[in-house]
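A.B. asks: To start, I am sharing the structure in question, which I have written as structure tokens.
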Amino acid sequence: MSEPRKTETEPGFGEIRAGNLGVRLAVNQAEIDAVQALRFRVFYQEMGARPDTATASSHRDRDDFDAVADHLLVVDHYRGEGPESVVGTYRLIRRHAAEALGRWYSEAEYDVSRLVAYPGPVLELGRSCVDAAYRSRGTLQLLWDGIAAYVFQHEIALMFGCASLPGTDLDVLADQLTYLHAFHLAPEELRPRAIADRYVEMRRKDPHSIDKRATLAALPPLVKGYLRLGGFVGDGAVLDLPFNTTDVAVVVKTDQITQKYLKHYERKHAER
């Protein structure tokens with residue numbers, strides 16, 4: 001039986017625990033290698049992405065951003081205290097990291113100039129995945145707890161990134177794309193737009209013809225998580241054929257996250 005949920009971190013962000021699971025940042029290259037191995041298993045072996053020669057031979061999902069990013073980990077302490085404990089991940093890229101490479105990851109699919117011009121620190125989220133045996137609401141909540149702690153620590157004002165819908169069949173995804181465009185489109189001043197040669201129209205049908213409740217329920221959990229935080233989507237989807245996904249840009253102002261995080265710690269300090 002799992003232990004009751006408890007939090008053992010201060011705003012400086014060490015590790016947040018929930019029974020045998022914890023969420024924290026990677027602290028060494030061995031843990032980053034474990035992240036890349038996990039991403040390979042999920043993206044390529046499970047979801048059917050097509051690897052290039054280097055990826056196929058290494059069994060690692062790697063790119064230039066890994067060296068400058070922070071890597072959020074979900075770890076299972078029952079599996080050990082080293083890289084073998086890594087069961088979930090989210091990649092976090094702040095402005096200084098993107099500037100070190102001269103680009104943001106999302107720029108391959110979207111014009112994000114309005115977002116990176118936003119006053120204050122901004123954060124790009126991506127490369128999220130969880131081991132199949134750990135895909136539960138609790139694990140996803142731990143990832144969000146870790147993001148909230150990171151946002152609070154670094155005073156992030158705006159988060160953005162690309163979220164994926166499974167598959168590239170636009171007829172199958174018509175309801176979901178239409179729903180996101182009709183009911184969660186970002187305000188113009190914060191609206192990324194798919195680059196011209198990759199732009200796919202999201203409004204595939206009459207929004208009033210879809211079942212909103214069923215469509216929302218069918219969205220991937222991470223996309224629903226963004227929407228629960230008041231998130232928006234950009235203009236246009238992008239087909240990522242090598243990864244067998246249809247991507248949408250997501251944007252979240254962090255006010256709601258920060259307020260919830262502050263209330264959480266005010267309550268914890270009051271209890272103490």
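In the structure tokens, chains take the letters A, B, ... in the order shown, each chain's residues start at 1, and ligands count up from 1 in the order shown.
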Near region 33-47 of chain A, counting only C-alpha atoms, which residues have an atom at most 10 Å away, once you skip same-chain residues fewer than 5 positions from it, shown as a VMD selection string?

C.D. replies: chain A and resid 26 28 55 to 56 58 to 63 66 71 to 74 82 to 91 127 to 132 166 to 167 242 to 245

A.B. asks: Given the selection you just returned, output its residues as a file containing C-alpha atoms, formatted as a PDB file, in the first residue's frame.

C.D. replies:
ATOM      1  CA  ALA A  26      18.350  15.621 -12.712  1.00  0.00           C
ATOM      2  CA  ASN A  28      24.181  14.343 -13.174  1.00  0.00           C
ATOM      3  CA  THR A  55      19.194   7.389 -32.522  1.00  0.00           C
ATOM      4  CA  ALA A  56      18.618   3.787 -33.585  1.00  0.00           C
ATOM      5  CA  SER A  58      22.338   4.500 -29.391  1.00  0.00           C
ATOM      6  CA  HIS A  59      18.773   3.695 -28.211  1.00  0.00           C
ATOM      7  CA  ARG A  60      18.725   7.279 -26.907  1.00  0.00           C
ATOM      8  CA  ASP A  61      16.520  10.238 -27.848  1.00  0.00           C
ATOM      9  CA  ARG A  62      19.034  13.113 -27.830  1.00  0.00           C
ATOM     10  CA  ASP A  63      19.388  16.589 -29.259  1.00  0.00           C
ATOM     11  CA  ASP A  66      19.509  18.392 -23.643  1.00  0.00           C
ATOM     12  CA  HIS A  71      15.431  17.846 -16.782  1.00  0.00           C
ATOM     13  CA  LEU A  72      12.548  17.252 -14.402  1.00  0.00           C
ATOM     14  CA  LEU A  73      12.436  13.644 -13.192  1.00  0.00           C
ATOM     15  CA  VAL A  74       9.870  11.402 -11.597  1.00  0.00           C
ATOM     16  CA  GLY A  82      20.384   6.119  -9.153  1.00  0.00           C
ATOM     17  CA  PRO A  83      19.506   6.431 -12.843  1.00  0.00           C
ATOM     18  CA  GLU A  84      17.522   3.179 -12.662  1.00  0.00           C
ATOM     19  CA  SER A  85      14.880   5.043 -10.627  1.00  0.00           C
ATOM     20  CA  VAL A  86      13.850   7.408 -13.471  1.00  0.00           C
ATOM     21  CA  VAL A  87      10.276   6.697 -14.637  1.00  0.00           C
ATOM     22  CA  GLY A  88       9.103  10.066 -15.960  1.00  0.00           C
ATOM     23  CA  THR A  89      10.495  13.300 -17.326  1.00  0.00           C
ATOM     24  CA  TYR A  90       9.793  16.806 -18.620  1.00  0.00           C
ATOM     25  CA  ARG A  91      12.379  19.032 -20.303  1.00  0.00           C
ATOM     26  CA  ARG A 127       9.849  16.078 -24.377  1.00  0.00           C
ATOM     27  CA  SER A 128       7.498  14.830 -21.675  1.00  0.00           C
ATOM     28  CA  CYS A 129       6.967  11.107 -21.215  1.00  0.00           C
ATOM     29  CA  VAL A 130       6.247   8.545 -18.496  1.00  0.00           C
ATOM     30  CA  ASP A 131       7.077   4.842 -18.357  1.00  0.00           C
ATOM     31  CA  ALA A 132       4.009   2.768 -19.272  1.00  0.00           C
ATOM     32  CA  PRO A 166      -1.377  10.848 -31.282  1.00  0.00           C
ATOM     33  CA  GLY A 167      -1.343  10.069 -34.974  1.00  0.00           C
ATOM     34  CA  PRO A 242       8.792  11.151 -37.891  1.00  0.00           C
ATOM     35  CA  PHE A 243       7.144  11.122 -34.457  1.00  0.00           C
ATOM     36  CA  ASN A 244       3.693  10.080 -35.757  1.00  0.00           C
ATOM     37  CA  THR A 245       1.989  12.985 -33.960  1.00  0.00           C
TER      38      THR A 245
END

A.B. asks: Out of region 19-267 of chain A, which residues get strand (DSSP E) from DSSP, as an MDAnalysis selection string?

C.D. replies: chainID A and resid 21:25 70:76 86:94 110:111 122:130 158:166 193:194 232:233 238:240 245:253

A.B. asks: Can you measure CA of Val252 (chain A) to CA of Tyr110 (chain A) for me? One decimal in Å is fine.

C.D. replies: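 Distance reported for this atom pair: 15.8 Å.
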
A.B. asks: Counting only C-alpha atoms, which of A:Leu216, A:Leu142, A:Ala133, A:Ala100 gets nearest to Phe183 (chain A)?

C.D. replies: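 Checking each of A:Leu216, A:Leu142, A:Ala133, A:Ala100 against Phe183 (chain A), counting only C-alpha atoms, the winner is A:Leu216.
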
A.B. asks: Between A:Asp111, A:Asp247, A:Asp64, A:Glu124, which has the minimum distance to Pro220 (chain A) (counting only C-alpha atoms)?

C.D. replies: A:Asp247

A.B. asks: Go through region 64-98 of chain A and collect every residue that DSSP, computed from the backbone, puts in alpha helix (DSSP H); the answer should be as a ChimeraX atom specification.

C.D. replies: /A:95-98

A.B. asks: With only C-alpha atoms as the atoms that count, which of A:Leu173, A:Ser209, A:Leu140, A:Ala157 lies nearest to Lys224 (chain A)?

C.D. replies: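 Under the stated criterion, the closest residue is A:Leu140.
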
A.B. asks: In Å, rounded to a single decimal, give me how far CA of Leu227 (chain A) is from CA of Lys212 (chain A).

C.D. replies: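 CA of Lys212 (chain A) sits 13.6 Å away from CA of Leu227 (chain A).
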